[in-house]
Structures are given as structure tokens and as C-alpha cells.
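File shown: work35.cif (mmCIF, C-alpha atoms; chains and numbers go by the auth columns).
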data_upload
loop_
_atom_site.group_PDB
_atom_site.id
_atom_site.type_symbol
_atom_site.label_atom_id
_atom_site.label_comp_id
_atom_site.label_asym_id
_atom_site.label_seq_id
_atom_site.Cartn_x
_atom_site.Cartn_y
_atom_site.Cartn_z
_atom_site.B_iso_or_equiv
_atom_site.auth_seq_id
_atom_site.auth_asym_id
ATOM 1 C CA MET A 1 11.944 -117.357 14.624 0.00 288 A
ATOM 2 C CA ILE A 2 13.987 -117.976 11.489 0.00 289 A
ATOM 3 C CA LYS A 3 17.685 -117.247 11.419 0.00 290 A
ATOM 4 C CA LEU A 4 19.189 -116.411 8.039 0.00 291 A
ATOM 5 C CA ARG A 5 22.820 -116.694 7.071 0.00 292 A
ATOM 6 C CA CYS A 6 24.567 -114.085 5.042 0.00 293 A
ATOM 7 C CA LYS A 7 26.581 -115.289 2.092 0.00 294 A
ATOM 8 C CA LYS A 8 29.807 -113.482 1.386 0.00 295 A
ATOM 9 C CA LEU A 9 30.019 -112.563 -2.253 0.00 296 A
ATOM 10 C CA PHE A 10 33.337 -110.801 -2.019 0.00 297 A
ATOM 11 C CA ARG A 11 36.439 -111.369 0.021 0.00 298 A
ATOM 12 C CA SER A 12 37.216 -108.684 2.528 0.00 299 A
ATOM 13 C CA ASN A 13 39.918 -108.113 5.058 0.00 300 A
ATOM 14 C CA SER A 14 37.860 -109.219 8.054 0.00 301 A
ATOM 15 C CA LYS A 15 40.718 -108.722 10.534 0.00 302 A
ATOM 16 C CA VAL A 16 40.809 -104.979 9.847 0.00 303 A
ATOM 17 C CA ALA A 17 37.015 -104.651 10.035 0.00 304 A
ATOM 18 C CA SER A 18 36.780 -106.531 13.341 0.00 305 A
ATOM 19 C CA THR A 19 39.623 -104.448 14.830 0.00 306 A
ATOM 20 C CA ASN A 20 37.882 -101.173 13.852 0.00 307 A
ATOM 21 C CA ALA A 21 34.550 -102.371 15.304 0.00 308 A
ATOM 22 C CA ALA A 22 36.212 -103.353 18.583 0.00 309 A
ATOM 23 C CA ALA A 23 37.961 -99.976 18.769 0.00 310 A
ATOM 24 C CA SER A 24 34.714 -98.060 18.255 0.00 311 A
ATOM 25 C CA ASP A 25 32.973 -100.184 20.927 0.00 312 A
ATOM 26 C CA ALA A 26 35.823 -99.465 23.326 0.00 313 A
ATOM 27 C CA LYS A 27 35.445 -95.697 22.750 0.00 314 A
ATOM 28 C CA LEU A 28 31.745 -95.827 23.526 0.00 315 A
ATOM 29 C CA GLY A 29 32.257 -98.016 26.565 0.00 316 A
ATOM 30 C CA GLY A 30 30.458 -100.918 24.885 0.00 317 A
ATOM 31 C CA GLU A 31 27.083 -99.673 26.118 0.00 318 A
ATOM 32 C CA ILE A 32 24.355 -98.461 23.768 0.00 319 A
ATOM 33 C CA LYS A 33 22.014 -95.805 25.139 0.00 320 A
ATOM 34 C CA TRP A 34 18.377 -95.922 24.060 0.00 321 A
ATOM 35 C CA GLU A 35 15.609 -93.331 24.044 0.00 322 A
ATOM 36 C CA LEU A 36 11.862 -93.506 23.538 0.00 323 A
ATOM 37 C CA ARG A 37 10.564 -91.053 20.931 0.00 324 A
ATOM 38 C CA PRO A 38 7.165 -89.348 21.318 0.00 325 A
ATOM 39 C CA GLY A 39 5.777 -91.573 18.547 0.00 326 A
ATOM 40 C CA GLY A 40 6.563 -94.647 20.678 0.00 327 A
ATOM 41 C CA MET A 41 9.592 -95.811 18.703 0.00 328 A
ATOM 42 C CA LEU A 42 12.636 -97.040 20.626 0.00 329 A
ATOM 43 C CA VAL A 43 15.818 -95.751 18.965 0.00 330 A
ATOM 44 C CA GLN A 44 19.495 -95.415 19.739 0.00 331 A
ATOM 45 C CA LYS A 45 20.210 -92.144 21.531 0.00 332 A
ATOM 46 C CA ARG A 46 22.034 -89.497 19.538 0.00 333 A
ATOM 47 C CA GLU A 47 25.397 -88.329 20.793 0.00 334 A
ATOM 48 C CA CYS A 48 25.138 -84.715 19.583 0.00 335 A
ATOM 49 C CA ALA A 49 25.008 -82.103 22.337 0.00 336 A
ATOM 50 C CA GLU A 50 22.489 -79.980 20.424 0.00 337 A
ATOM 51 C CA ASN A 51 19.864 -82.749 20.423 0.00 338 A
ATOM 52 C CA ASP A 52 19.558 -82.996 24.213 0.00 339 A
ATOM 53 C CA GLY A 53 16.127 -82.557 25.789 0.00 340 A
ATOM 54 C CA ASP A 54 17.360 -79.330 27.440 0.00 341 A
ATOM 55 C CA SER A 55 18.089 -77.562 24.148 0.00 342 A
ATOM 56 C CA ILE A 56 15.941 -74.632 23.077 0.00 343 A
ATOM 57 C CA ILE A 57 15.205 -73.494 19.527 0.00 344 A
ATOM 58 C CA THR A 58 14.002 -70.077 18.438 0.00 345 A
ATOM 59 C CA LEU A 59 11.193 -69.875 15.890 0.00 346 A
ATOM 60 C CA ARG A 60 10.183 -66.868 13.834 0.00 347 A
ATOM 61 C CA VAL A 61 6.389 -66.824 13.863 0.00 348 A
ATOM 62 C CA SER A 62 5.018 -64.409 11.273 0.00 349 A
ATOM 63 C CA THR A 63 1.493 -63.096 11.111 0.00 350 A
ATOM 64 C CA VAL A 64 0.187 -60.753 8.428 0.00 351 A
ATOM 65 C CA THR A 65 1.415 -57.664 10.260 0.00 352 A
ATOM 66 C CA GLN A 66 3.855 -58.852 12.951 0.00 353 A
ATOM 67 C CA CYS A 67 6.809 -61.164 13.540 0.00 354 A
ATOM 68 C CA HIS A 68 7.385 -62.887 16.901 0.00 355 A
ATOM 69 C CA HIS A 69 10.494 -64.749 18.070 0.00 356 A
ATOM 70 C CA ILE A 70 9.426 -67.698 20.232 0.00 357 A
ATOM 71 C CA SER A 71 11.863 -69.905 22.188 0.00 358 A
ATOM 72 C CA ILE A 72 10.624 -73.469 22.669 0.00 359 A
ATOM 73 C CA GLN A 73 11.979 -77.001 23.079 0.00 360 A
ATOM 74 C CA PRO A 74 12.260 -78.959 19.815 0.00 361 A
ATOM 75 C CA THR A 75 10.352 -81.902 21.320 0.00 362 A
ATOM 76 C CA SER A 76 7.260 -79.736 21.877 0.00 363 A
ATOM 77 C CA SER A 77 4.115 -80.103 19.813 0.00 364 A
ATOM 78 C CA PHE A 78 2.410 -77.526 17.621 0.00 365 A
ATOM 79 C CA GLY A 79 -0.384 -77.450 20.231 0.00 366 A
ATOM 80 C CA GLU A 80 2.101 -76.260 22.853 0.00 367 A
ATOM 81 C CA LEU A 81 3.388 -73.647 20.403 0.00 368 A
ATOM 82 C CA LYS A 82 -0.213 -72.475 19.929 0.00 369 A
ATOM 83 C CA MET A 83 -0.575 -72.079 23.719 0.00 370 A
ATOM 84 C CA ILE A 84 2.442 -69.758 23.791 0.00 371 A
ATOM 85 C CA LEU A 85 1.175 -67.843 20.758 0.00 372 A
ATOM 86 C CA ALA A 86 -2.231 -67.420 22.411 0.00 373 A
ATOM 87 C CA MET A 87 -0.542 -65.507 25.221 0.00 374 A
ATOM 88 C CA VAL A 88 1.554 -63.413 22.825 0.00 375 A
ATOM 89 C CA THR A 89 -1.010 -62.585 20.116 0.00 376 A
ATOM 90 C CA GLY A 90 -4.336 -62.802 21.959 0.00 377 A
ATOM 91 C CA LEU A 91 -5.782 -65.304 19.459 0.00 378 A
ATOM 92 C CA GLU A 92 -7.328 -68.412 21.000 0.00 379 A
ATOM 93 C CA GLN A 93 -5.864 -71.791 20.061 0.00 380 A
ATOM 94 C CA LYS A 94 -8.870 -72.831 17.998 0.00 381 A
ATOM 95 C CA GLU A 95 -8.617 -69.591 16.000 0.00 382 A
ATOM 96 C CA GLN A 96 -4.968 -70.213 15.021 0.00 383 A
ATOM 97 C CA ARG A 97 -3.729 -71.961 11.898 0.00 384 A
ATOM 98 C CA LEU A 98 0.014 -72.763 11.793 0.00 385 A
ATOM 99 C CA LEU A 99 1.765 -73.396 8.489 0.00 386 A
ATOM 100 C CA TYR A 100 5.250 -74.898 8.235 0.00 387 A
ATOM 101 C CA LYS A 101 6.821 -75.678 4.856 0.00 388 A
ATOM 102 C CA GLY A 102 3.538 -74.875 3.131 0.00 389 A
ATOM 103 C CA LYS A 103 1.423 -77.353 5.099 0.00 390 A
ATOM 104 C CA GLU A 104 -1.019 -76.742 7.917 0.00 391 A
ATOM 105 C CA ARG A 105 0.165 -78.584 11.012 0.00 392 A
ATOM 106 C CA GLU A 106 -2.076 -80.321 13.546 0.00 393 A
ATOM 107 C CA ASP A 107 -1.819 -79.765 17.303 0.00 394 A
ATOM 108 C CA CYS A 108 -0.613 -83.328 17.933 0.00 395 A
ATOM 109 C CA GLU A 109 2.398 -83.106 15.564 0.00 396 A
ATOM 110 C CA TYR A 110 5.813 -82.657 17.185 0.00 397 A
ATOM 111 C CA LEU A 111 8.210 -79.970 15.994 0.00 398 A
ATOM 112 C CA HIS A 112 11.280 -82.216 15.716 0.00 399 A
ATOM 113 C CA MET A 113 9.336 -84.997 13.935 0.00 400 A
ATOM 114 C CA VAL A 114 8.218 -82.561 11.225 0.00 401 A
ATOM 115 C CA GLY A 115 11.761 -81.194 10.851 0.00 402 A
ATOM 116 C CA VAL A 116 11.567 -77.797 12.544 0.00 403 A
ATOM 117 C CA LYS A 117 15.066 -76.455 13.226 0.00 404 A
ATOM 118 C CA ASP A 118 16.467 -73.403 15.009 0.00 405 A
ATOM 119 C CA LYS A 119 15.471 -70.051 13.447 0.00 406 A
ATOM 120 C CA ASP A 120 12.887 -71.595 11.086 0.00 407 A
ATOM 121 C CA LYS A 121 9.842 -69.593 10.021 0.00 408 A
ATOM 122 C CA VAL A 122 6.287 -70.614 10.909 0.00 409 A
ATOM 123 C CA LEU A 123 3.278 -68.742 9.533 0.00 410 A
ATOM 124 C CA LEU A 124 0.329 -67.944 11.778 0.00 411 A
ATOM 125 C CA PHE A 125 -3.092 -67.254 10.273 0.00 412 A
ATOM 126 C CA GLN A 126 -6.464 -66.665 11.852 0.00 413 A
ATOM 127 C CA ASP A 127 -9.060 -69.240 10.829 0.00 414 A
ATOM 128 C CA PRO A 128 -11.242 -67.519 8.182 0.00 415 A
ATOM 129 C CA ALA A 129 -14.447 -69.276 9.300 0.00 416 A
ATOM 130 C CA ILE A 130 -14.049 -68.060 12.877 0.00 417 A
ATOM 131 C CA LYS A 131 -13.113 -64.588 11.616 0.00 418 A
ATOM 132 C CA GLU A 132 -16.355 -64.420 9.602 0.00 419 A
ATOM 133 C CA ARG A 133 -18.396 -65.577 12.607 0.00 420 A
ATOM 134 C CA LYS A 134 -16.851 -62.827 14.742 0.00 421 A
ATOM 135 C CA LEU A 135 -17.669 -60.205 12.101 0.00 422 A
ATOM 136 C CA ALA A 136 -21.251 -61.476 11.823 0.00 423 A
ATOM 137 C CA THR A 137 -21.788 -61.395 15.590 0.00 424 A
ATOM 138 C CA SER A 138 -20.253 -57.918 15.866 0.00 425 A
ATOM 139 C CA GLU A 139 -22.571 -56.667 13.102 0.00 426 A
ATOM 140 C CA ARG A 140 -25.571 -58.172 14.929 0.00 427 A
ATOM 141 C CA VAL A 141 -24.515 -56.452 18.142 0.00 428 A
ATOM 142 C CA GLN A 142 -24.234 -53.118 16.323 0.00 429 A
ATOM 143 C CA VAL A 143 -27.655 -53.566 14.711 0.00 430 A
ATOM 144 C CA ILE A 144 -29.288 -54.617 17.979 0.00 431 A
ATOM 145 C CA GLY A 145 -27.540 -51.837 19.847 0.00 432 A
ATOM 146 C CA SER A 146 -28.802 -49.175 17.470 0.00 433 A
ATOM 147 C CA THR A 147 -32.468 -50.237 17.449 0.00 434 A
ATOM 148 C CA TYR A 148 -32.934 -50.718 21.196 0.00 435 A
ATOM 149 C CA HIS A 149 -32.469 -47.941 23.686 0.00 436 A
ATOM 150 C CA THR A 150 -32.428 -48.155 27.435 0.00 437 A
ATOM 151 C CA ILE A 151 -34.822 -45.777 29.171 0.00 438 A
ATOM 152 C CA CYS A 152 -34.228 -44.856 32.767 0.00 439 A
ATOM 153 C CA VAL A 153 -37.195 -43.429 34.675 0.00 440 A
#
This structure in C-alpha cells:
Amino acid sequence: MIKLRCKKLFRSNSKVASTNAAASDAKLGGEIKWELRPGGMLVQKRECAENDGDSIITLRVSTVTQCHHISIQPTSSFGELKMILAMVTGLEQKEQRLLYKGKEREDCEYLHMVGVKDKDKVLLFQDPAIKERKLATSERVQVIGSTYHTICV
């Protein structure tokens, strides 16, 4: 391991700076709290009350014809949001496409990592390929149903 020294280019009042640093450490108790993010990164824990794991955000999820207000934790993934939307809308998870800030989001992406905040809007679309397959199978069922008749004797 190499240790590098910092060269001071300018003179500063180091007594004032060291006093302020000691005062801020005394306020915090001198202990730094750490948290492990879902991506695996170890970072210093935030002090804001709104960023606790217990906080809940409300999302406006808009479809073509409806708007749903969904309450969810900010540390949830888009896959978990799709599970909730499957119960609300009746669309299966694989049929759903979620767009946030103009980009389609994958199931493994986390809401807070992408930047989703309280009362943000997320668009929900049905996958067009699956929609076409459903229409094709329903047409086949109608065609088959009309040509074959059940005869009871």
C-alpha cells in the first residue's frame, strides 16, 4: 500500500478548521453509522428521517385508461411493484411494461437507485407482443367454436 502526502499550496487557519471538525464529531457522538445498499456498496448512513427503511412513497401508476395510487417502500424493486400492479390491474407480471422518465425499467432495478421519489408518475403498458398473441388465440377459439358443434344424443 502506498501512502501519499498532500502538499499545502495555500496557507489556511488550521486551528479554526480543526476546532470545527472536532465540534461536528462531538455532535455526532464520534461514531459513523454505515449501511449496505442493495447494489452491495457500503456507504455512510444518511441522517434524514425521510430516508429510513420504514418510509413509504406513493406512486401514480397510469395506464391508458386508468390511474392507480400505489404505496410502496422506496427500496423496493420494479419487480415488486409489478407484483402489486398484477393484483390491482389483473395483468400478469410478464405482460407489464413499466416506464419511468421515458425508459423501460427492468424487474431487478430498485426504485430509489433509479431516482423514484414520492408522488412520481410511472407509466404501465401491456406488452404488444403478448397482446397480439392473446388476440390471435381468441380469434382461433372463435373460429374453432363456430365450426364445431357438440351433439348430445
Dump as CSV the rows for residues of stretch 329-378 of chain A within 12 Å of stretch 384-408 of chain A: closest atom pair and distance in Å with one decimal, all atoms listed in the file counted, ordered by chain and rising residue number.
residue,atom,partner,partner_atom,distance
A:Glu337,CA,A:Asp405,CA,10.4
A:Asn338,CA,A:His399,CA,9.8
A:Asp339,CA,A:His399,CA,11.9
A:Gly340,CA,A:His399,CA,11.2
A:Ser342,CA,A:Asp405,CA,10.2
A:Ile343,CA,A:Asp405,CA,8.2
A:Ile344,CA,A:Asp405,CA,4.7
A:Thr345,CA,A:Lys406,CA,5.2
A:Leu346,CA,A:Lys406,CA,4.9
A:Arg347,CA,A:Lys408,CA,4.7
A:Val348,CA,A:Lys408,CA,5.9
A:Ser349,CA,A:Lys408,CA,7.2
A:Thr350,CA,A:Leu385,CA,9.8
A:Cys354,CA,A:Lys408,CA,9.6
A:His355,CA,A:Lys408,CA,9.9
A:His356,CA,A:Lys406,CA,8.6
A:Ile357,CA,A:Lys406,CA,9.4
A:Ser358,CA,A:Asp405,CA,9.2
A:Ile359,CA,A:Leu398,CA,9.6
A:Gln360,CA,A:Leu398,CA,8.6
A:Pro361,CA,A:His399,CA,5.3
A:Thr362,CA,A:His399,CA,5.7
A:Ser363,CA,A:Tyr397,CA,5.7
A:Ser364,CA,A:Tyr397,CA,4.0
A:Phe365,CA,A:Asp394,CA,4.8
A:Gly366,CA,A:Asp394,CA,4.0
A:Glu367,CA,A:Asp394,CA,7.6
A:Leu368,CA,A:Asp394,CA,8.6
A:Lys369,CA,A:Asp394,CA,7.9
A:Met370,CA,A:Asp394,CA,10.1
A:Leu372,CA,A:Leu385,CA,10.3
A:Ala373,CA,A:Arg384,CA,11.5
A:Leu378,CA,A:Arg384,CA,10.3
Quiz prompt | Interatomic distance, atom CA of A:Ile371 to atom CA of A:Val409 (Å, one decimal) | solution = 13.5 Å
Quiz item: Which distance in Å separates atom CA of A:Gln380 and atom CA of A:Arg324, to one decimal?
Solution: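 So the answer is 25.3 Å.
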Practice problem: Go through the shown structure with the PyMOL selection byres ((chain A and resi 417) around 12) and write out the matching residues as a list in words. | Solution: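 This file, filtered by the PyMOL selection byres ((chain A and resi 417) around 12), leaves Leu378, Glu379, Gln380, Lys381, Glu382, Gln383, Arg384, Phe412, Gln413, Asp414, Pro415, Ala416, Lys418, Glu419, Arg420, Lys421, Leu422, Ala423 and Thr424 of chain A.
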Self-check item: Between atom CA of A:Thr352 and atom CA of A:Glu426 - distance in Å to one decimal
Solution: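 Separation between atom CA of A:Glu426 and atom CA of A:Thr352: 24.2 Å.
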Exercise. Determine the residue set returned by the PyMOL selection byres ((chain A and resi 321) around 8) for the present structure, and present it as number ranges by chain.
Key: A: 319-320, 322-323, 329-332
Kindly add all heavy atoms to the incomplete stretch 405-416 of chain A and provide the output as a PDB file, in the frame of the given file.
ATOM      1  N   ASP A 405      16.259 -74.712  14.402  1.00  0.00           N
ATOM      2  CA  ASP A 405      16.467 -73.403  15.009  1.00  0.00           C
ATOM      3  C   ASP A 405      16.353 -72.311  13.949  1.00  0.00           C
ATOM      4  O   ASP A 405      16.866 -72.443  12.834  1.00  0.00           O
ATOM      5  CB  ASP A 405      17.839 -73.357  15.677  1.00  0.00           C
ATOM      6  CG  ASP A 405      18.016 -72.148  16.571  1.00  0.00           C
ATOM      7  OD1 ASP A 405      17.005 -71.639  17.092  1.00  0.00           O
ATOM      8  OD2 ASP A 405      19.161 -71.717  16.754  1.00  0.00           O
ATOM      9  N   LYS A 406      15.663 -71.235  14.283  1.00  0.00           N
ATOM     10  CA  LYS A 406      15.471 -70.051  13.447  1.00  0.00           C
ATOM     11  C   LYS A 406      14.649 -70.320  12.192  1.00  0.00           C
ATOM     12  O   LYS A 406      14.757 -69.596  11.206  1.00  0.00           O
ATOM     13  CB  LYS A 406      16.814 -69.412  13.106  1.00  0.00           C
ATOM     14  CG  LYS A 406      17.542 -68.904  14.331  1.00  0.00           C
ATOM     15  CD  LYS A 406      18.861 -68.282  14.000  1.00  0.00           C
ATOM     16  CE  LYS A 406      19.536 -67.874  15.296  1.00  0.00           C
ATOM     17  NZ  LYS A 406      20.952 -67.644  15.128  1.00  0.00           N
ATOM     18  N   ASP A 407      13.799 -71.343  12.201  1.00  0.00           N
ATOM     19  CA  ASP A 407      12.887 -71.595  11.086  1.00  0.00           C
ATOM     20  C   ASP A 407      11.680 -70.674  11.202  1.00  0.00           C
ATOM     21  O   ASP A 407      11.358 -70.162  12.271  1.00  0.00           O
ATOM     22  CB  ASP A 407      12.411 -73.053  11.075  1.00  0.00           C
ATOM     23  CG  ASP A 407      13.417 -73.973  10.407  1.00  0.00           C
ATOM     24  OD1 ASP A 407      14.431 -73.477   9.872  1.00  0.00           O
ATOM     25  OD2 ASP A 407      13.187 -75.190  10.412  1.00  0.00           O
ATOM     26  N   LYS A 408      10.992 -70.493  10.068  1.00  0.00           N
ATOM     27  CA  LYS A 408       9.842 -69.593  10.021  1.00  0.00           C
ATOM     28  C   LYS A 408       8.553 -70.396   9.995  1.00  0.00           C
ATOM     29  O   LYS A 408       8.412 -71.353   9.236  1.00  0.00           O
ATOM     30  CB  LYS A 408       9.918 -68.719   8.772  1.00  0.00           C
ATOM     31  CG  LYS A 408       8.868 -67.650   8.693  1.00  0.00           C
ATOM     32  CD  LYS A 408       9.118 -66.778   7.478  1.00  0.00           C
ATOM     33  CE  LYS A 408       8.173 -65.611   7.444  1.00  0.00           C
ATOM     34  NZ  LYS A 408       8.450 -64.739   6.294  1.00  0.00           N
ATOM     35  N   VAL A 409       7.613 -70.008  10.850  1.00  0.00           N
ATOM     36  CA  VAL A 409       6.287 -70.614  10.909  1.00  0.00           C
ATOM     37  C   VAL A 409       5.279 -69.498  10.677  1.00  0.00           C
ATOM     38  O   VAL A 409       5.406 -68.416  11.248  1.00  0.00           O
ATOM     39  CB  VAL A 409       6.037 -71.286  12.290  1.00  0.00           C
ATOM     40  CG1 VAL A 409       4.641 -71.859  12.366  1.00  0.00           C
ATOM     41  CG2 VAL A 409       7.063 -72.373  12.548  1.00  0.00           C
ATOM     42  N   LEU A 410       4.291 -69.747   9.821  1.00  0.00           N
ATOM     43  CA  LEU A 410       3.278 -68.742   9.533  1.00  0.00           C
ATOM     44  C   LEU A 410       2.050 -68.966  10.399  1.00  0.00           C
ATOM     45  O   LEU A 410       1.600 -70.096  10.565  1.00  0.00           O
ATOM     46  CB  LEU A 410       2.884 -68.795   8.060  1.00  0.00           C
ATOM     47  CG  LEU A 410       3.984 -68.490   7.055  1.00  0.00           C
ATOM     48  CD1 LEU A 410       3.485 -68.708   5.640  1.00  0.00           C
ATOM     49  CD2 LEU A 410       4.480 -67.072   7.218  1.00  0.00           C
ATOM     50  N   LEU A 411       1.522 -67.891  10.933  1.00  0.00           N
ATOM     51  CA  LEU A 411       0.329 -67.944  11.778  1.00  0.00           C
ATOM     52  C   LEU A 411      -0.790 -67.176  11.095  1.00  0.00           C
ATOM     53  O   LEU A 411      -0.629 -66.009  10.742  1.00  0.00           O
ATOM     54  CB  LEU A 411       0.622 -67.318  13.147  1.00  0.00           C
ATOM     55  CG  LEU A 411      -0.558 -67.098  14.073  1.00  0.00           C
ATOM     56  CD1 LEU A 411      -1.177 -68.428  14.499  1.00  0.00           C
ATOM     57  CD2 LEU A 411      -0.146 -66.313  15.296  1.00  0.00           C
ATOM     58  N   PHE A 412      -1.916 -67.872  10.860  1.00  0.00           N
ATOM     59  CA  PHE A 412      -3.092 -67.254  10.273  1.00  0.00           C
ATOM     60  C   PHE A 412      -4.279 -67.443  11.197  1.00  0.00           C
ATOM     61  O   PHE A 412      -4.350 -68.427  11.929  1.00  0.00           O
ATOM     62  CB  PHE A 412      -3.427 -67.880   8.912  1.00  0.00           C
ATOM     63  CG  PHE A 412      -2.405 -67.587   7.858  1.00  0.00           C
ATOM     64  CD1 PHE A 412      -1.511 -68.558   7.461  1.00  0.00           C
ATOM     65  CD2 PHE A 412      -2.337 -66.339   7.263  1.00  0.00           C
ATOM     66  CE1 PHE A 412      -0.559 -68.299   6.489  1.00  0.00           C
ATOM     67  CE2 PHE A 412      -1.397 -66.076   6.291  1.00  0.00           C
ATOM     68  CZ  PHE A 412      -0.502 -67.051   5.904  1.00  0.00           C
ATOM     69  N   GLN A 413      -5.211 -66.504  11.121  1.00  0.00           N
ATOM     70  CA  GLN A 413      -6.464 -66.665  11.852  1.00  0.00           C
ATOM     71  C   GLN A 413      -7.412 -67.463  10.970  1.00  0.00           C
ATOM     72  O   GLN A 413      -7.487 -67.243   9.755  1.00  0.00           O
ATOM     73  CB  GLN A 413      -7.060 -65.299  12.180  1.00  0.00           C
ATOM     74  CG  GLN A 413      -8.275 -65.380  13.054  1.00  0.00           C
ATOM     75  CD  GLN A 413      -8.793 -63.999  13.447  1.00  0.00           C
ATOM     76  OE1 GLN A 413      -8.291 -62.986  12.975  1.00  0.00           O
ATOM     77  NE2 GLN A 413      -9.791 -63.976  14.285  1.00  0.00           N
ATOM     78  N   ASP A 414      -8.130 -68.401  11.561  1.00  0.00           N
ATOM     79  CA  ASP A 414      -9.060 -69.240  10.829  1.00  0.00           C
ATOM     80  C   ASP A 414     -10.123 -68.358  10.181  1.00  0.00           C
ATOM     81  O   ASP A 414     -10.816 -67.609  10.868  1.00  0.00           O
ATOM     82  CB  ASP A 414      -9.705 -70.251  11.777  1.00  0.00           C
ATOM     83  CG  ASP A 414     -10.572 -71.258  11.062  1.00  0.00           C
ATOM     84  OD1 ASP A 414     -10.478 -71.351   9.823  1.00  0.00           O
ATOM     85  OD2 ASP A 414     -11.335 -71.969  11.741  1.00  0.00           O
ATOM     86  N   PRO A 415     -10.288 -68.412   8.846  1.00  0.00           N
ATOM     87  CA  PRO A 415     -11.242 -67.519   8.182  1.00  0.00           C
ATOM     88  C   PRO A 415     -12.698 -67.756   8.598  1.00  0.00           C
ATOM     89  O   PRO A 415     -13.482 -66.820   8.671  1.00  0.00           O
ATOM     90  CB  PRO A 415     -11.060 -67.814   6.697  1.00  0.00           C
ATOM     91  CG  PRO A 415     -10.086 -68.911   6.580  1.00  0.00           C
ATOM     92  CD  PRO A 415      -9.533 -69.222   7.921  1.00  0.00           C
ATOM     93  N   ALA A 416     -13.071 -68.993   8.891  1.00  0.00           N
ATOM     94  CA  ALA A 416     -14.447 -69.276   9.300  1.00  0.00           C
ATOM     95  C   ALA A 416     -14.769 -68.607  10.636  1.00  0.00           C
ATOM     96  O   ALA A 416     -15.840 -68.015  10.816  1.00  0.00           O
ATOM     97  CB  ALA A 416     -14.661 -70.785   9.401  1.00  0.00           C
TER      98      ALA A 416
END
